[in-house]
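*Asks:* File entry36.cif follows (mmCIF, C-alpha atoms):
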data_entry
loop_
_atom_site.label_atom_id
_atom_site.label_comp_id
_atom_site.auth_asym_id
_atom_site.auth_seq_id
_atom_site.Cartn_x
_atom_site.Cartn_y
_atom_site.Cartn_z
CA MET A 1 7.63 1.50 33.68
CA HIS A 2 4.60 1.73 31.38
CA ALA A 3 2.80 -1.52 30.62
CA GLY A 4 3.21 -2.80 27.09
CA ILE A 5 6.37 -0.84 26.13
CA PRO A 6 8.18 -2.95 23.49
CA THR A 7 11.69 -2.71 25.06
CA GLU A 8 12.70 -6.00 23.38
CA LEU A 9 13.06 -3.98 20.17
CA GLY A 10 16.42 -2.78 21.45
CA THR A 11 17.70 -6.07 22.88
CA GLU A 12 16.20 -9.13 21.19
CA LYS A 13 17.93 -10.88 18.25
CA ILE A 14 17.06 -9.06 15.00
CA SER A 15 16.05 -12.16 13.02
CA LYS A 16 13.70 -13.22 15.84
CA LEU A 17 12.24 -9.72 16.12
CA LEU A 18 11.61 -9.46 12.38
CA LYS A 19 9.82 -12.81 12.42
CA GLN A 20 7.79 -11.70 15.44
CA TYR A 21 6.76 -8.41 13.87
CA ALA A 22 6.78 -9.20 10.16
CA ILE A 23 5.05 -12.58 10.04
CA PRO A 24 1.76 -11.23 11.47
CA SER A 25 1.92 -8.33 8.99
CA ILE A 26 2.76 -10.67 6.10
CA ILE A 27 -0.15 -12.94 6.99
CA ALA A 28 -2.48 -9.96 7.23
CA MET A 29 -1.27 -8.35 3.99
CA SER A 30 -1.28 -11.68 2.13
CA CYS A 31 -4.85 -12.36 3.24
CA SER A 32 -5.78 -8.87 2.08
CA SER A 33 -4.13 -9.29 -1.32
CA LEU A 34 -5.69 -12.74 -1.75
CA TYR A 35 -9.06 -11.22 -0.98
CA ASN A 36 -8.47 -8.49 -3.59
CA LEU A 37 -7.45 -11.17 -6.05
CA VAL A 38 -10.60 -13.20 -5.40
CA ASP A 39 -12.64 -10.00 -5.53
CA SER A 40 -11.35 -9.31 -9.05
CA ILE A 41 -11.91 -12.93 -10.06
CA TYR A 42 -15.58 -12.71 -8.98
CA ILE A 43 -16.00 -9.44 -10.87
CA GLY A 44 -14.25 -10.75 -14.00
CA GLN A 45 -16.10 -14.07 -14.11
CA PHE A 46 -19.58 -12.95 -13.01
CA VAL A 47 -19.81 -9.31 -14.15
CA GLY A 48 -17.46 -9.28 -17.16
CA GLY A 49 -14.38 -7.80 -18.85
CA TYR A 50 -15.75 -4.26 -18.93
CA ALA A 51 -16.30 -4.44 -15.17
CA LEU A 52 -12.65 -5.51 -14.76
CA ALA A 53 -11.62 -2.53 -16.87
CA GLY A 54 -13.88 -0.27 -14.76
CA LEU A 55 -12.21 -1.58 -11.61
CA ALA A 56 -8.76 -0.87 -13.12
CA LEU A 57 -9.86 2.70 -13.86
CA THR A 58 -10.43 3.28 -10.14
CA PHE A 59 -6.78 2.46 -9.33
CA PRO A 60 -5.62 6.12 -9.56
CA LEU A 61 -8.30 7.23 -7.08
CA MET A 62 -7.53 4.26 -4.84
CA ASN A 63 -3.83 5.20 -4.98
CA LEU A 64 -4.65 8.79 -4.10
CA GLY A 65 -6.83 7.64 -1.19
CA THR A 66 -3.98 5.41 -0.03
CA ALA A 67 -1.63 8.40 -0.35
CA PHE A 68 -3.66 10.45 2.13
CA SER A 69 -4.10 7.43 4.39
CA SER A 70 -0.37 6.60 4.46
CA LEU A 71 0.45 10.28 4.98
CA ILE A 72 -0.97 9.88 8.50
CA ALA A 73 -0.43 6.18 9.19
CA VAL A 74 3.25 5.93 8.26
CA GLY A 75 4.12 9.28 9.83
CA ALA A 76 2.33 8.34 13.05
CA SER A 77 3.76 4.84 13.42
CA ALA A 78 7.35 5.96 12.69
CA ASN A 79 7.14 8.82 15.20
CA ILE A 80 5.55 6.67 17.88
CA GLY A 81 8.40 4.17 17.45
CA ILE A 82 11.03 6.92 17.68
CA PHE A 83 9.37 8.46 20.77
CA LEU A 84 9.17 5.06 22.48
CA GLY A 85 12.86 4.46 21.69
CA LYS A 86 13.62 7.78 23.42
CA LYS A 87 11.22 6.85 26.27
CA ASP A 88 9.20 9.98 25.49
CA TYR A 89 5.78 8.47 26.29
CA GLY A 90 3.94 11.79 26.48
CA ASN A 91 4.61 12.70 22.87
CA ALA A 92 3.90 9.14 21.74
CA GLN A 93 0.47 9.55 23.34
CA LYS A 94 -0.12 12.89 21.59
CA VAL A 95 0.57 11.28 18.22
CA LEU A 96 -2.38 8.89 18.66
CA GLY A 97 -4.85 11.69 19.41
CA ASN A 98 -3.65 13.73 16.44
CA VAL A 99 -4.04 10.68 14.17
CA ILE A 100 -7.80 10.55 14.81
CA THR A 101 -8.37 14.24 14.14
CA LEU A 102 -6.17 14.37 11.03
CA ASN A 103 -7.81 11.31 9.50
CA PHE A 104 -11.28 12.76 9.99
CA ILE A 105 -10.38 16.12 8.41
CA ILE A 106 -8.42 14.73 5.45
CA GLY A 107 -10.80 11.82 4.85
CA LEU A 108 -13.84 14.09 4.75
CA LEU A 109 -12.23 16.59 2.38
CA TYR A 110 -11.08 13.85 0.01
CA MET A 111 -14.49 12.17 -0.05
CA VAL A 112 -16.42 15.37 -0.83
CA GLY A 113 -13.87 16.67 -3.32
CA VAL A 114 -13.85 13.51 -5.44
CA LEU A 115 -17.61 12.77 -5.26
CA VAL A 116 -18.45 16.20 -6.71
CA PHE A 117 -16.36 15.55 -9.86
CA ILE A 118 -16.48 11.74 -10.07
CA ASP A 119 -17.57 11.39 -13.73
CA PRO A 120 -15.14 13.93 -15.27
CA ILE A 121 -12.31 12.43 -13.20
CA LEU A 122 -13.01 8.87 -14.39
CA GLU A 123 -13.38 10.02 -18.00
CA PHE A 124 -10.00 11.74 -17.71
CA PHE A 125 -8.58 8.45 -16.41
CA GLY A 126 -9.65 6.74 -19.63
CA ALA A 127 -13.22 5.59 -18.92
CA SER A 128 -15.41 4.89 -21.95
CA GLU A 129 -19.19 4.60 -22.20
CA HIS A 130 -18.77 0.86 -21.52
CA THR A 131 -16.55 1.14 -18.43
CA LEU A 132 -17.67 4.41 -16.77
CA PRO A 133 -20.83 3.00 -15.06
CA TYR A 134 -18.82 0.20 -13.41
CA ALA A 135 -16.03 2.52 -12.24
CA ARG A 136 -18.52 5.06 -10.87
CA GLU A 137 -20.60 2.50 -8.97
CA TYR A 138 -17.57 1.01 -7.28
CA MET A 139 -15.81 4.27 -6.42
CA GLN A 140 -18.84 6.06 -4.96
CA ILE A 141 -19.28 3.41 -2.26
CA ILE A 142 -15.55 3.35 -1.48
CA LEU A 143 -15.59 7.13 -1.07
CA TYR A 144 -18.56 7.03 1.33
CA GLY A 145 -16.47 4.76 3.57
CA ASN A 146 -13.29 6.80 3.13
CA ILE A 147 -12.97 8.08 6.72
CA ILE A 148 -13.49 4.54 8.05
CA SER A 149 -10.78 3.13 5.77
CA HIS A 150 -8.23 5.85 6.61
CA THR A 151 -8.76 5.60 10.37
CA TYR A 152 -8.62 1.79 10.35
CA PHE A 153 -5.37 1.78 8.38
CA ALA A 154 -3.73 4.33 10.68
CA LEU A 155 -4.77 2.70 13.96
CA ASN A 156 -3.63 -0.69 12.70
CA ALA A 157 -0.18 0.86 12.08
CA VAL A 158 -0.25 2.25 15.64
CA LEU A 159 -0.86 -1.27 17.00
CA ARG A 160 2.29 -2.53 15.27
CA ALA A 161 4.35 0.45 16.42
CA THR A 162 3.38 -0.12 20.05
CA GLY A 163 4.28 -3.80 20.23
CA LEU A 164 1.01 -5.45 19.20
CA PRO A 165 1.78 -6.93 15.75
CA LYS A 166 -0.39 -10.01 16.31
CA LYS A 167 -3.44 -7.93 17.20
CA ALA A 168 -2.82 -5.78 14.11
CA MET A 169 -2.67 -9.01 12.10
CA ASN A 170 -5.89 -10.29 13.66
CA ALA A 171 -7.67 -7.05 12.77
CA SER A 172 -6.56 -7.37 9.15
CA ILE A 173 -7.56 -11.02 8.97
CA LEU A 174 -10.95 -10.18 10.48
CA THR A 175 -11.44 -7.65 7.68
CA VAL A 176 -10.56 -10.24 5.05
CA ILE A 177 -12.80 -12.96 6.51
CA ILE A 178 -15.85 -10.68 6.75
CA ASN A 179 -15.14 -9.37 3.26
CA ALA A 180 -14.80 -12.86 1.80
CA LEU A 181 -18.05 -14.00 3.42
CA LEU A 182 -20.02 -11.01 2.15
CA ASP A 183 -18.44 -10.77 -1.31
CA PRO A 184 -20.13 -13.60 -3.28
CA PHE A 185 -23.61 -12.68 -2.07
CA PHE A 186 -23.15 -8.92 -2.47
CA ILE A 187 -21.59 -9.17 -5.95
CA TYR A 188 -24.40 -11.51 -7.02
CA GLN A 189 -26.98 -9.06 -5.70
CA TRP A 190 -25.47 -5.70 -6.72
CA GLY A 191 -22.61 -6.43 -9.12
CA ILE A 192 -19.42 -4.40 -8.76
CA LYS A 193 -21.14 -2.09 -6.24
CA GLY A 194 -21.57 -5.10 -3.95
CA ALA A 195 -17.81 -5.63 -3.80
CA ALA A 196 -17.34 -2.07 -2.56
CA ILE A 197 -20.12 -2.39 0.05
CA ALA A 198 -18.53 -5.56 1.42
CA THR A 199 -15.16 -3.80 1.70
CA VAL A 200 -16.53 -0.84 3.68
CA ILE A 201 -18.60 -3.00 6.06
CA SER A 202 -15.65 -5.29 6.85
CA GLN A 203 -13.32 -2.35 7.56
CA ALA A 204 -15.92 -0.69 9.81
CA ILE A 205 -16.23 -3.83 11.95
CA SER A 206 -12.45 -4.21 12.28
CA LEU A 207 -12.07 -0.52 13.09
CA MET A 208 -14.42 -0.91 16.07
CA TRP A 209 -12.29 -3.77 17.37
CA VAL A 210 -9.04 -1.79 17.00
CA ILE A 211 -10.60 1.18 18.82
CA PHE A 212 -11.58 -1.19 21.63
CA ILE A 213 -7.95 -2.41 21.95
CA LEU A 214 -6.53 1.12 22.02
CA SER A 215 -9.05 2.15 24.67
CA ASN A 216 -7.24 -0.04 27.23
CA ARG A 217 -5.59 2.35 29.71
CA ASN A 218 -2.92 -0.25 30.53
CA HIS A 219 -1.50 0.00 27.03
CA VAL A 220 1.45 2.39 26.56
CA VAL A 221 -0.51 4.41 23.97
CA HIS A 222 -4.29 4.64 24.40
CA PHE A 223 -7.22 6.98 23.81
CA GLN A 224 -7.53 9.74 26.39
CA LYS A 225 -10.27 12.25 26.97
CA GLY A 226 -9.36 15.63 25.50
CA GLY A 227 -6.33 14.23 23.66
CA TYR A 228 -7.55 14.97 20.13
CA LYS A 229 -6.61 18.62 19.79
CA LEU A 230 -4.09 19.12 17.00
CA VAL A 231 -0.59 19.94 18.27
CA PRO A 232 1.33 21.82 15.52
CA ALA A 233 4.71 20.27 16.40
CA ILE A 234 3.26 16.73 16.38
CA VAL A 235 1.32 17.34 13.16
CA LYS A 236 4.50 18.61 11.50
CA ARG A 237 6.42 15.49 12.55
CA ILE A 238 3.66 13.17 11.31
CA LEU A 239 3.30 14.92 7.97
CA SER A 240 7.05 15.30 7.33
CA VAL A 241 7.64 11.55 7.61
CA GLY A 242 4.32 10.69 5.94
CA MET A 243 5.11 12.88 2.93
CA SER A 244 7.31 10.16 1.44
CA PRO A 245 4.59 7.48 1.09
CA PHE A 246 2.12 10.25 0.23
CA PHE A 247 4.20 11.41 -2.73
CA MET A 248 4.89 7.81 -3.69
CA ASN A 249 1.18 6.95 -3.85
CA ALA A 250 0.15 10.33 -5.29
CA THR A 251 2.66 10.03 -8.12
CA ALA A 252 1.53 6.40 -8.56
CA CYS A 253 -1.90 7.92 -9.19
CA LEU A 254 -0.44 10.08 -11.98
CA ILE A 255 1.44 7.11 -13.38
CA VAL A 256 -1.66 4.91 -13.53
CA ILE A 257 -3.61 7.72 -15.23
CA ALA A 258 -0.91 8.04 -17.90
CA PHE A 259 -0.63 4.25 -18.09
CA ASN A 260 -4.38 3.76 -18.59
CA GLN A 261 -4.54 6.51 -21.20
CA GLY A 262 -1.64 4.89 -23.05
CA LEU A 263 -3.32 1.49 -22.86
CA LYS A 264 -6.61 2.89 -24.14
CA GLU A 265 -4.90 4.68 -27.03
CA ASN A 266 -2.79 1.67 -28.04
CA GLY A 267 -5.07 -1.24 -27.09
CA GLY A 268 -8.54 -0.10 -25.98
CA ASP A 269 -10.73 -1.18 -23.06
CA LEU A 270 -9.46 -4.78 -23.05
CA ALA A 271 -5.86 -3.59 -22.64
CA ILE A 272 -6.99 -1.71 -19.51
CA ALA A 273 -8.73 -4.88 -18.27
CA ALA A 274 -5.48 -6.80 -18.91
CA TYR A 275 -3.63 -4.23 -16.80
CA GLY A 276 -6.18 -4.78 -14.03
CA ILE A 277 -5.30 -8.49 -14.04
CA SER A 278 -1.54 -7.87 -14.15
CA HIS A 279 -1.79 -5.29 -11.36
CA LYS A 280 -3.61 -7.72 -9.06
CA LEU A 281 -0.95 -10.37 -9.64
CA THR A 282 1.98 -8.03 -8.98
CA PHE A 283 0.16 -6.71 -5.93
CA LEU A 284 -0.03 -10.23 -4.46
CA PHE A 285 3.75 -10.26 -3.92
CA ILE A 286 4.04 -6.53 -3.23
CA MET A 287 1.74 -7.00 -0.24
CA VAL A 288 4.09 -9.61 1.22
CA VAL A 289 6.98 -7.14 0.93
CA MET A 290 4.77 -4.48 2.50
CA GLY A 291 4.24 -6.91 5.39
CA LEU A 292 8.01 -7.24 5.77
CA ASN A 293 8.31 -3.45 5.71
CA GLN A 294 5.62 -3.08 8.36
CA GLY A 295 7.51 -5.56 10.52
CA MET A 296 10.81 -3.73 10.00
CA GLN A 297 9.41 -0.24 10.68
CA PRO A 298 8.94 -0.36 14.49
CA ILE A 299 12.27 -2.18 14.92
CA ALA A 300 14.16 0.35 12.80
CA SER A 301 12.39 3.37 14.36
CA TYR A 302 13.02 2.20 17.93
CA ASN A 303 16.71 1.36 17.39
CA PHE A 304 17.33 4.61 15.53
CA GLY A 305 15.71 6.54 18.39
CA ALA A 306 17.83 4.59 20.87
CA GLY A 307 21.04 5.17 18.86
CA LEU A 308 21.64 1.43 18.26
CA TYR A 309 22.99 1.76 14.72
CA ASP A 310 24.52 -1.72 14.40
CA ARG A 311 21.08 -3.20 14.99
CA LEU A 312 19.62 -0.70 12.53
CA ARG A 313 21.97 -1.85 9.76
CA GLU A 314 21.26 -5.48 10.58
CA VAL A 315 17.49 -5.15 10.36
CA VAL A 316 17.49 -3.33 6.99
CA THR A 317 19.94 -5.84 5.47
CA TYR A 318 17.97 -8.84 6.70
CA THR A 319 14.67 -7.36 5.53
CA ALA A 320 16.05 -6.55 2.08
CA MET A 321 17.25 -10.14 1.61
CA CYS A 322 13.83 -11.49 2.54
CA ALA A 323 12.08 -9.02 0.21
CA ILE A 324 14.29 -9.97 -2.75
CA ALA A 325 13.46 -13.64 -2.13
CA VAL A 326 9.72 -12.83 -2.23
CA THR A 327 9.79 -10.82 -5.45
CA SER A 328 12.11 -13.36 -7.10
CA THR A 329 9.51 -16.04 -6.34
CA GLY A 330 6.87 -13.86 -7.98
CA PHE A 331 9.08 -13.45 -11.05
CA ILE A 332 9.54 -17.21 -11.46
CA ILE A 333 5.83 -18.02 -11.07
CA ALA A 334 4.67 -15.25 -13.42
CA GLU A 335 7.15 -16.10 -16.16
CA LEU A 336 6.52 -19.87 -16.03
CA PHE A 337 2.75 -19.96 -15.52
CA PRO A 338 1.20 -16.73 -16.88
CA LYS A 339 -1.72 -18.41 -18.67
CA THR A 340 -2.76 -20.35 -15.58
CA LEU A 341 -2.79 -17.13 -13.55
CA VAL A 342 -4.67 -15.07 -16.14
CA MET A 343 -7.38 -17.69 -16.77
CA MET A 344 -8.50 -17.34 -13.15
CA PHE A 345 -9.93 -13.94 -14.09
CA THR A 346 -11.50 -14.44 -17.49
CA THR A 347 -12.47 -16.87 -20.27
CA ASP A 348 -12.22 -14.24 -23.01
CA GLU A 349 -9.45 -15.48 -25.35
CA THR A 350 -8.52 -12.01 -26.60
CA LEU A 351 -8.22 -10.71 -23.04
CA ILE A 352 -6.25 -13.80 -22.00
CA ASP A 353 -3.67 -13.29 -24.76
CA GLU A 354 -3.29 -9.57 -23.96
CA ALA A 355 -2.96 -10.19 -20.23
CA ILE A 356 -0.36 -12.95 -20.65
CA ARG A 357 1.88 -10.62 -22.66
CA GLY A 358 1.38 -7.85 -20.11
CA VAL A 359 2.21 -10.13 -17.18
CA ARG A 360 5.40 -11.41 -18.79
CA ILE A 361 6.68 -7.89 -19.48
CA SER A 362 5.51 -6.44 -16.12
CA PHE A 363 7.46 -9.07 -14.16
CA MET A 364 10.63 -8.66 -16.26
CA PHE A 365 12.78 -7.07 -13.49
CA TYR A 366 10.52 -7.98 -10.58
CA PRO A 367 13.24 -9.48 -8.28
CA ILE A 368 14.77 -6.03 -7.60
CA VAL A 369 11.42 -4.46 -6.64
CA GLY A 370 11.66 -5.95 -3.14
CA PHE A 371 15.00 -4.25 -2.45
CA GLN A 372 13.73 -0.91 -3.69
CA MET A 373 10.63 -1.01 -1.47
CA VAL A 374 12.70 -1.82 1.62
CA THR A 375 15.13 1.01 0.91
CA SER A 376 12.43 3.68 0.72
CA ASN A 377 10.65 2.32 3.80
CA PHE A 378 13.91 2.25 5.79
CA PHE A 379 14.44 5.99 5.38
CA ARG A 380 10.82 6.68 6.32
CA SER A 381 11.23 4.54 9.45
CA ILE A 382 14.16 6.57 10.75
CA GLY A 383 12.59 9.94 9.92
CA TYR A 384 14.78 10.75 6.87
CA ALA A 385 11.78 12.18 5.07
CA GLY A 386 13.71 14.03 2.34
CA THR A 387 15.68 10.96 1.26
CA ALA A 388 12.58 8.77 1.26
CA ILE A 389 10.65 11.31 -0.82
CA PHE A 390 13.53 11.60 -3.30
CA LEU A 391 13.70 7.83 -3.78
CA SER A 392 9.93 7.61 -4.28
CA LEU A 393 9.84 10.44 -6.81
CA THR A 394 12.92 9.19 -8.67
CA ARG A 395 11.16 6.06 -9.83
CA GLN A 396 7.74 7.57 -10.46
CA LEU A 397 8.49 10.92 -12.09
CA ILE A 398 12.04 10.83 -13.41
CA PHE A 399 11.79 7.39 -15.03
CA VAL A 400 8.26 5.98 -15.38
CA LEU A 401 6.50 9.01 -16.88
CA PRO A 402 9.10 9.64 -19.61
CA PHE A 403 9.14 5.92 -20.45
CA ILE A 404 5.33 5.86 -20.78
CA PHE A 405 5.44 8.67 -23.36
CA ILE A 406 8.63 7.66 -25.21
CA LEU A 407 8.58 3.83 -25.46
CA PRO A 408 5.16 3.46 -27.21
CA ARG A 409 6.48 5.56 -30.10
CA PHE A 410 8.87 2.72 -30.90
CA PHE A 411 7.22 -0.40 -29.44
CA GLY A 412 3.48 0.42 -29.34
CA LEU A 413 1.51 -1.32 -26.59
CA ASP A 414 4.56 -3.31 -25.47
CA GLY A 415 6.28 0.00 -24.74
CA ILE A 416 3.54 0.90 -22.26
CA TRP A 417 3.91 -2.46 -20.50
CA ALA A 418 7.73 -2.15 -20.38
CA SER A 419 7.81 1.35 -18.86
CA MET A 420 7.41 0.25 -15.22
CA PRO A 421 9.94 -2.64 -15.12
CA LEU A 422 12.56 -0.47 -16.87
CA ALA A 423 11.93 2.29 -14.32
CA ASP A 424 12.40 -0.27 -11.53
CA LEU A 425 15.79 -1.24 -12.95
CA THR A 426 17.15 2.29 -13.29
CA SER A 427 15.83 3.61 -9.98
CA CYS A 428 17.12 0.55 -8.11
CA ILE A 429 20.69 1.52 -9.01
CA ILE A 430 20.15 4.95 -7.44
CA SER A 431 18.48 3.46 -4.33
CA ALA A 432 21.37 1.06 -3.77
CA SER A 433 23.93 3.88 -4.03
CA ILE A 434 22.11 6.05 -1.49
CA MET A 435 21.56 3.14 0.90
CA ILE A 436 25.26 2.20 0.88
CA TYR A 437 26.24 5.82 1.54
CA HIS A 438 23.90 6.23 4.53
CA LEU A 439 24.75 2.87 6.10
CA LYS A 440 28.44 3.84 6.09
CA LYS A 441 27.54 7.23 7.53
CA LEU A 442 25.59 5.66 10.41
CA LYS A 443 28.74 3.94 11.69
#
Turn this file's structure into structure tokens for me.

*Replies:*
Amino acid sequence: MHAGIPTELGTEKISKLLKQYAIPSIIAMSCSSLYNLVDSIYIGQFVGGYALAGLALTFPLMNLGTAFSSLIAVGASANIGIFLGKKDYGNAQKVLGNVITLNFIIGLLYMVGVLVFIDPILEFFGASEHTLPYAREYMQIILYGNIISHTYFALNAVLRATGLPKKAMNASILTVIINALLDPFFIYQWGIKGAAIATVISQAISLMWVIFILSNRNHVVHFQKGGYKLVPAIVKRILSVGMSPFFMNATACLIVIAFNQGLKENGGDLAIAAYGISHKLTFLFIMVVMGLNQGMQPIASYNFGAGLYDRLREVVTYTAMCAIAVTSTGFIIAELFPKTLVMMFTTDETLIDEAIRGVRISFMFYPIVGFQMVTSNFFRSIGYAGTAIFLSLTRQLIFVLPFIFILPRFFGLDGIWASMPLADLTSCIISASIMIYHLKKLK
């Protein structure tokens, strides 16, 4: 028996397992989203509204970076969980080595490719002469630390998949603490660039700690000399599962580009700044659901690999109920107290009014977002890459993009704001239908 193999994933009570695996992830993700919130508050209050708009303009590139990162991280963690469920420890080990090599190659290519064309890209995203300098300063530093960010994210996912959710949580919290300590001083010294520097430094320190943990030879999956050569079969498995979150984040990049261009055309730079505020608030609750999903993933992967389908159905149902409770809480808070939330970021009355309206519309169908996120993650966790990709693309391409171009013709700026919640409503119906079909099939 290998030390550290999480065999309780196939025997322990599901509700207890989800608490054990999800709570550390939720704490880590919540700390991360709170940090991002505070980060934006510092930038909005001390640098200004144009800086907030510049930060919002980097969202497409951040989404694209996340797409490449999740391509490896999600594919690796799901496959490690499936291999451990099958007691195939050799292939689980190969996945870890391939993760390091893939992250280095993809991270380097992305960094160089974007840095060469940074200004034209940001201008295409909707940057003006007022917002371009802020967006460029922030994004250049983030890109220099791109390989660090990708590798940290992937190895943290490996920790969760191999039965170390608390250590994964501690690594995330360490990142947040270091970031929060550096942020006020760095932003005061270097403005928006300082926020990016603090982010890269904190992730580099946490990455070193995660590497130290995975260097322990007693752990079921650990670094081995000569284990970093790419294995085509392993790479294919990682990429096939990872394609779903990749497409989801890559199409999110396209959506935000179209969204920002629509905001600029219908409302100008301050409308983009308002979107930056709304995005940070929605992200606060999304990160909690992501924590639930991260907790569900190793449980679902292991039980699917072990053929324990009753437990598989139980974990996805329980997770979905928890996720709906989280996003419903977000809906209530945003609709009742939008002004209180928005005033944390800015004292500009015009921006406050615009952001309040945006927040109210953005959260319109927010309760169902939790269910939709769990559905897509469930199919990724069990290796149903095609279904997961379809669900991701359904929302982003089939519904959101047409809404962004059609609704403003009738409702102006409000039409831009309404495009995403309406897409959530329509795509949720499709997700529910597919989930019901597959759960019956798994019997």

*Asks:* Within 8 Å of stretch 261-267 of chain A, which residues of stretch 305-418 of chain A come that close, and what is the closest atom pair and distance in Å for each? Count all atoms listed in the file and give it as JSON lines.

*Replies:*
{"residue": "A:Ile404", "atom": "CA", "partner": "A:Gly262", "partner_atom": "CA", "distance": 7.4}
{"residue": "A:Gly412", "atom": "CA", "partner": "A:Asn266", "partner_atom": "CA", "distance": 6.5}
{"residue": "A:Leu413", "atom": "CA", "partner": "A:Asn266", "partner_atom": "CA", "distance": 5.4}
{"residue": "A:Ile416", "atom": "CA", "partner": "A:Gly262", "partner_atom": "CA", "distance": 6.6}

*Asks:* Near A:Leu401, within 12 Å and counting only C-alpha atoms, which residues show up once chain neighbours fewer than 4 positions away are dropped, as a VMD selection string?

*Replies:* chain A and resid 251 to 259 262 393 to 397 405 to 408 415 to 416 418 to 420 422 to 423

*Asks:* Just write the chosen residues, C-alpha atoms, as a JSON list (two decimals), in the frame of the given file.

*Replies:*
[["chain", "number", "residue", "atom", "x", "y", "z"],
["A", 251, "THR", "CA", 2.66, 10.03, -8.12],
["A", 252, "ALA", "CA", 1.53, 6.40, -8.56],
["A", 253, "CYS", "CA", -1.90, 7.92, -9.19],
["A", 254, "LEU", "CA", -0.44, 10.08, -11.98],
["A", 255, "ILE", "CA", 1.44, 7.11, -13.38],
["A", 256, "VAL", "CA", -1.66, 4.91, -13.53],
["A", 257, "ILE", "CA", -3.61, 7.72, -15.23],
["A", 258, "ALA", "CA", -0.91, 8.04, -17.90],
["A", 259, "PHE", "CA", -0.63, 4.25, -18.09],
["A", 262, "GLY", "CA", -1.64, 4.89, -23.05],
["A", 393, "LEU", "CA", 9.84, 10.44, -6.81],
["A", 394, "THR", "CA", 12.92, 9.19, -8.67],
["A", 395, "ARG", "CA", 11.16, 6.06, -9.83],
["A", 396, "GLN", "CA", 7.74, 7.57, -10.46],
["A", 397, "LEU", "CA", 8.49, 10.92, -12.09],
["A", 405, "PHE", "CA", 5.44, 8.67, -23.36],
["A", 406, "ILE", "CA", 8.63, 7.66, -25.21],
["A", 407, "LEU", "CA", 8.58, 3.83, -25.46],
["A", 408, "PRO", "CA", 5.16, 3.46, -27.21],
["A", 415, "GLY", "CA", 6.28, 0.00, -24.74],
["A", 416, "ILE", "CA", 3.54, 0.90, -22.26],
["A", 418, "ALA", "CA", 7.73, -2.15, -20.38],
["A", 419, "SER", "CA", 7.81, 1.35, -18.86],
["A", 420, "MET", "CA", 7.41, 0.25, -15.22],
["A", 422, "LEU", "CA", 12.56, -0.47, -16.87],
["A", 423, "ALA", "CA", 11.93, 2.29, -14.32]]

*Asks:* Excluding A:Asn179 and any residue of its chain fewer than 2 positions from it, enumerate the residues within 9 Å of it, using only C-alpha atoms, and give them as number ranges by chain.

*Replies:* A: 35, 174-177, 181-183, 195, 198-203

*Asks:* Convert the output of the PyMOL selection byres ((chain A and resi 189-193) around 10) on the shown file into explicit residues, formatted as a PyMOL selection string.

*Replies:* chain A and resi 39-40+42-44+46-48+51-52+54-55+133-142+183-188+194-198

*Asks:* Output C-alpha atoms of each residue in that selection to a file, as a compact mmCIF listing (two decimals), keeping the file's coordinate frame.

*Replies:*
# COMPACT_ATOMS: atom_id res chain seq x y z
CA ASP A 39 -12.64 -10.00 -5.53
CA SER A 40 -11.35 -9.31 -9.05
CA TYR A 42 -15.58 -12.71 -8.98
CA ILE A 43 -16.00 -9.44 -10.87
CA GLY A 44 -14.25 -10.75 -14.00
CA PHE A 46 -19.58 -12.95 -13.01
CA VAL A 47 -19.81 -9.31 -14.15
CA GLY A 48 -17.46 -9.28 -17.16
CA ALA A 51 -16.30 -4.44 -15.17
CA LEU A 52 -12.65 -5.51 -14.76
CA GLY A 54 -13.88 -0.27 -14.76
CA LEU A 55 -12.21 -1.58 -11.61
CA PRO A 133 -20.83 3.00 -15.06
CA TYR A 134 -18.82 0.20 -13.41
CA ALA A 135 -16.03 2.52 -12.24
CA ARG A 136 -18.52 5.06 -10.87
CA GLU A 137 -20.60 2.50 -8.97
CA TYR A 138 -17.57 1.01 -7.28
CA MET A 139 -15.81 4.27 -6.42
CA GLN A 140 -18.84 6.06 -4.96
CA ILE A 141 -19.28 3.41 -2.26
CA ILE A 142 -15.55 3.35 -1.48
CA ASP A 183 -18.44 -10.77 -1.31
CA PRO A 184 -20.13 -13.60 -3.28
CA PHE A 185 -23.61 -12.68 -2.07
CA PHE A 186 -23.15 -8.92 -2.47
CA ILE A 187 -21.59 -9.17 -5.95
CA TYR A 188 -24.40 -11.51 -7.02
CA GLY A 194 -21.57 -5.10 -3.95
CA ALA A 195 -17.81 -5.63 -3.80
CA ALA A 196 -17.34 -2.07 -2.56
CA ILE A 197 -20.12 -2.39 0.05
CA ALA A 198 -18.53 -5.56 1.42

*Asks:* What would the selection look like, as a PyMOL selection string, if the PyMOL selection byres ((chain A and resi 74-78) around 8) were run on the coordinates I just shared?

*Replies:* chain A and resi 70-73+79-82+95-96+99+154+157-158+160-161+237-243+245+297-298+301+380-383

*Asks:* Hey, can you check how far atom CA of A:Val342 sits from atom CA of A:Phe399?

*Replies:*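 For atom CA of A:Val342 relative to atom CA of A:Phe399, the distance reads 27.9 Å.
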
*Asks:* Would you mind reading off the distance between atom CA of A:Arg360 and atom CA of A:Ile286, one decimal, in Å?

*Replies:* 16.4 Å

*Asks:* Have a look at atom CA of A:Met208 and atom CA of A:Gln20 and let me know their distance in Å, one decimal.

*Replies:*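 Computed distance, atom CA of A:Met208 to atom CA of A:Gln20, equals 24.7 Å.
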
*Asks:* Rank A:Ile368, A:Phe212, A:Ala388, A:Leu143 by their smallest atom-to-atom distance to A:Val116, using all atoms listed in the file, and report the top residue only.

*Replies:*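 Closest to A:Val116, using all atoms listed in the file: A:Leu143.
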